[in-house]
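Working notes for the structure below.
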Amino acid sequence: MPIAINTKYVTIVPLKGKNTSSESLHGEFFISSTMESIGIDEGIPLLTCSPQNKDLKFEGEGLITKVKNIVTVKPSKEKIEKNKLEGRPPPRDSYHHYFEMRIRKTLKETNLLSDLEYSIKAVDRFNNPIVHFQQQFRELDEKDFETIVKGWIYTARTAFGKLINSIPRQNKLEFMLQAMNEFSTIDFKEVPLTQGLRFLYQYIEVRILSRGRLLVETDTLIRENLGNIVNSEEVGFINPITGKEALLGQQAKIFTKLFELQKKSDFKSAVNKAASENSALEIRFQKLFNKTTWPIDLNV
Amino acid sequence: MKEFISYLSKYTSLLKEGSVWCNSNEILAPVINDKDEGVASDNYIYEFYCYISIIVDLMSKYDIEFVEGTGKFKYKFPQAATEKKGKPRFNALKNGKLEFQICAGTKVSCEFGSEENHPDISFQLPGSTDNPTQDDLIFIMDAKYKEGPKSVLPKSEVYKFGMIVILFNLRSSPAIEVKFTKYNELKGNCLLTNGQSYSNSSDISYLKKFSIKEVESFFPGSTFKVLG
């Protein structure tokens with residue numbers, strides 16, 4: 001199985017005399033494990049990645065060129081003493097598995113995890129997808145590997161996922177209840193994602209964007225007509241139950257930006273255009289995610 | 001594809017910001033709970049739009065004065081009905097003389113103490129105090145936000161509003177004539193909605209009996225229609 005190596009936890013040391021081109025890199029690294037065998041064989045494809053801001057960047061594609069020696073690392077005296085004092089079993093040996101590898105290609109297009117998260121089957125923690133790669137290495141299935149290397153995007157699932165996971169949890173749950181009613185099922189695996197996406201557009205329009213339009217219009221009325229008698233920046237609401245305050249103008253500004261963006265390029269049309277330009281890929285992904293439910297993360 | 005992804009990210013990050021009140025972390029469109037009326041729903045957004053639209057309409061006939069609230073209520077309006085004292089409002093004046101007050105979400109007491117029916121918008125007489133009663137009212141308006149412009153006001157809401165008008169004793173002609181501009185037909189007790197009216201325009205006799213009007217399609221970009 002192909003693997004992804006996170007260079008935050010694994011240091012790749014370039015091999016002397018073997019690095020002539022800037023595109024390819026010959027290097028050596030080791031994986032530290034308590035297991036004597038970790039199942040990385042010669043010839044398996046690999047990816048390198050590293051954290052970037054709050055995201056993860058896929059950097060290079062290559063392969064394992066050599067499986068080298070294993071160095072046994074004995075636990076330190078301090079660790080043995082500590083376990084003894086705490087009444088725990090003695091610490092085990094660990095092993096440094098050494099490999100040689102070669103990077104054949106630098107990944108440049110759509111190479112961030114935030115670009116690819118809804119196109120990779122290995123990801124299901126959409127609120128924090130980086131956790132899936134926070135280790136020295138992880139295995140990837142062939143299709144995920146291909147998706148990342150080629151920088152392919154499943155347009156419909158990315159649009160659906162990014163939309164649904166940007167709204168509050170309460171709204172996500174409400175959407176799911178309404179969708180269960182609409183599609184007469186509690187199992188969204190049975191409903192094509194494109195149908196779910198259409199229903200999601202409708203939900204967001206009716207529940208959120210329509211409120212946004214009211215806020216923008218009210219804010220404009222105040223600024224244009226009442227600006228000399230009220231401080232329009234300060235106008236807002238107070239929830240008499242919680243005492244929490246909300247500023248009308250600030251929220252209206254966000255929606256104004258959103259509507260301007262929407263006017264320049266309508267969300268639905270942008271998704272349809274991207275999907276039709278990549279129709280062959282959409283079909284590949286539909287098959288791949290056939291038995292997968294809608295990408296909704298209820299942890300946030 | 002890069003362009004599409006960047007558009008998607010920009011759009012969804014604005015949606016994320018917009019769907020939660022930015023300085024309070026309260027949800028903009030909370031799940032509606034009709035049973036528990038103590039929970040503030042999001043109808044206040046629509047009520048406030050109606051209120052401000054009406055104030056702006058009155059500006060060409062009156063001098064509009066803003067009465068600041070106290071403390072944190074200085075420029076902030078309550079999301080649900082509460083005491084009038086210390087809350088902001090607008091006054092309508094002519095030649096420096098106060099003609100009437102326009103209040104949002106103010107509690108108004110009526111002769112049946114147990115009945116708490118507080119109008120979303122109330123037009124009150126110039127002498128109305130911080131503890132208004134039904135005798136201080138000129139007429140009242142309620143705003144009903146409906147999910148989707150094709151939703152129809154239910155019969156129960158129209159009848160309830162009619163009953164409130166009766167309880168407040170507001171069926172006779174208003175004590176003061178309020179002059180609107182483009183909202184001239186809104187003179188009187190109005191039930192405003194972004195959706196459609198319950199009544200059919202061919203039969204509005206019971207609206208007359210209740211002395212109420214239904215105002216449908218009252219929403220930015222729509223042409224409203226008044227029945228009653």
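Each chain of the structure tokens is named A, B, ... in the order shown, its residues numbered from 1; ligands are numbered from 1 in display order.
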6 Å contacts from chain A to chain B using only C-alpha atoms, as a ChimeraX atom specification: /A:163,166-167,218,234-239,244,254
Polymer residues at most 8 Å from Thr106 of chain B, only C-alpha atoms, same-chain spacing of 2 or more positions, as a PyMOL selection string: chain B and resi 81-84+103-104+108+118-122
Using only C-alpha atoms, can you tell me which of A:Lys172, A:Arg138, A:Arg92, A:Arg102 comes closest to Ile40 of chain A?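 The shortest atom-to-atom distance to Ile40 of chain A comes from A:Arg138.
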Using DSSP on the backbone coordinates, identify all residues within segment 52-123 of chain B classified as helix (DSSP H, G or I); present the result as a VMD selection string. chain B and resid 52 to 58 71 to 73
I need the residues from that last selection saved to file as a short mmCIF file (atom, residue, chain, number, x, y, z; two decimals), in the first residue's frame (with C-alpha atoms), if you can.
data_model
loop_
_atom_site.label_atom_id
_atom_site.label_comp_id
_atom_site.auth_asym_id
_atom_site.auth_seq_id
_atom_site.Cartn_x
_atom_site.Cartn_y
_atom_site.Cartn_z
CA ILE B 52 -36.98 50.65 10.35
CA SER B 53 -38.83 50.62 7.00
CA ILE B 54 -41.80 52.29 8.71
CA ILE B 55 -39.64 54.87 10.50
CA VAL B 56 -37.96 55.80 7.20
CA ASP B 57 -41.36 56.11 5.52
CA LEU B 58 -42.55 58.51 8.23
CA GLY B 71 -26.58 51.64 29.26
CA LYS B 72 -25.91 48.96 26.71
CA PHE B 73 -29.36 49.54 25.23
#
Surrounding residues of segment 190-193 of chain B excluding itself and chain neighbours under 2 positions, 6 Å, only C-alpha atoms, as a PyMOL selection string: chain B and resi 141-145+195+212-216+218
If you count only C-alpha atoms, which residues fall within 7 Å of Thr72 of chain A, apart from same-chain ones fewer than 5 positions away, as number ranges by chain? A: 93-96
Okay, now the selection with C-alpha atoms, as a short mmCIF file (atom, residue, chain, number, x, y, z; two decimals), in the first residue's frame?
data_model
loop_
_atom_site.label_atom_id
_atom_site.label_comp_id
_atom_site.auth_asym_id
_atom_site.auth_seq_id
_atom_site.Cartn_x
_atom_site.Cartn_y
_atom_site.Cartn_z
CA ASP A 93 12.84 -1.90 23.07
CA SER A 94 12.07 0.26 20.09
CA TYR A 95 13.32 -0.07 16.54
CA HIS A 96 14.58 2.45 14.02
#
May I have the residues within 12 Å of Gly188 of chain B as a compact mmCIF listing (two decimals) with C-alpha atoms, in the first residue's frame, using only C-alpha atoms and disregarding those fewer than 5 positions away in the same chain?
# COMPACT_ATOMS: atom_id res chain seq x y z
CA ILE B 121 -44.41 47.61 16.81
CA SER B 122 -46.65 50.02 18.68
CA PHE B 123 -47.67 53.57 17.82
CA LEU B 137 -51.94 52.93 21.97
CA ILE B 138 -52.87 54.42 18.60
CA PHE B 139 -52.52 51.16 16.68
CA ILE B 140 -50.24 48.14 16.66
CA MET B 141 -48.37 45.99 14.17
CA ASP B 142 -47.06 42.46 14.32
CA VAL B 165 -56.60 44.09 18.81
CA LEU B 170 -58.19 49.07 19.28
CA ARG B 171 -61.06 48.39 16.94
CA SER B 172 -62.29 51.96 16.69
CA SER B 173 -60.60 54.61 14.51
CA PRO B 174 -57.15 55.60 15.69
CA ALA B 175 -56.97 58.42 18.26
CA ILE B 176 -54.46 60.26 16.08
CA GLU B 177 -54.04 60.27 12.33
CA VAL B 178 -50.64 58.93 11.37
CA LYS B 179 -49.44 60.07 7.95
CA PHE B 180 -47.38 57.65 5.94
CA TYR B 183 -47.08 52.99 3.26
CA LEU B 207 -60.62 41.57 8.67
CA LYS B 208 -62.83 44.67 8.78
CA PHE B 210 -61.43 42.62 13.60
CA SER B 211 -60.25 46.03 12.36
CA ILE B 212 -56.98 44.56 11.14
CA LYS B 213 -55.10 44.45 7.85
CA GLU B 214 -52.87 41.78 6.41
CA VAL B 215 -49.79 43.06 4.57
CA VAL B 226 -52.52 45.29 1.76
CA LEU B 227 -55.76 43.47 2.53
CA GLY B 228 -58.38 44.81 4.88
Mind running segment 267-300 of chain A against segment 199-211 of chain A at 12 Å and telling me each contacting residue's nearest atom pair with the distance in Å (one decimal), counting only C-alpha atoms, chain and number ascending, as CSV?
residue,atom,partner,partner_atom,distance
A:Phe267,CA,A:Tyr201,CA,9.1
A:Lys268,CA,A:Tyr201,CA,8.0
A:Ser269,CA,A:Tyr201,CA,11.8
A:Val271,CA,A:Tyr201,CA,11.5
A:Trp294,CA,A:Leu200,CA,11.3
A:Ile296,CA,A:Leu200,CA,11.6
Per DSSP on the backbone, filter chain B down to the residues in strand (DSSP E or B) and report them as a PyMOL selection string. chain B and resi 20+27+63-67+76-78+82+89-94+97-104+106+109+121-124+133+137-144+152+189-193+196+212-216+225-227
Interatomic distance between atom CA of Pro192 of chain A and atom CA of Lys287 of chain A?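 Atom CA of Lys287 of chain A lies at a distance of 11.2 Å from atom CA of Pro192 of chain A.
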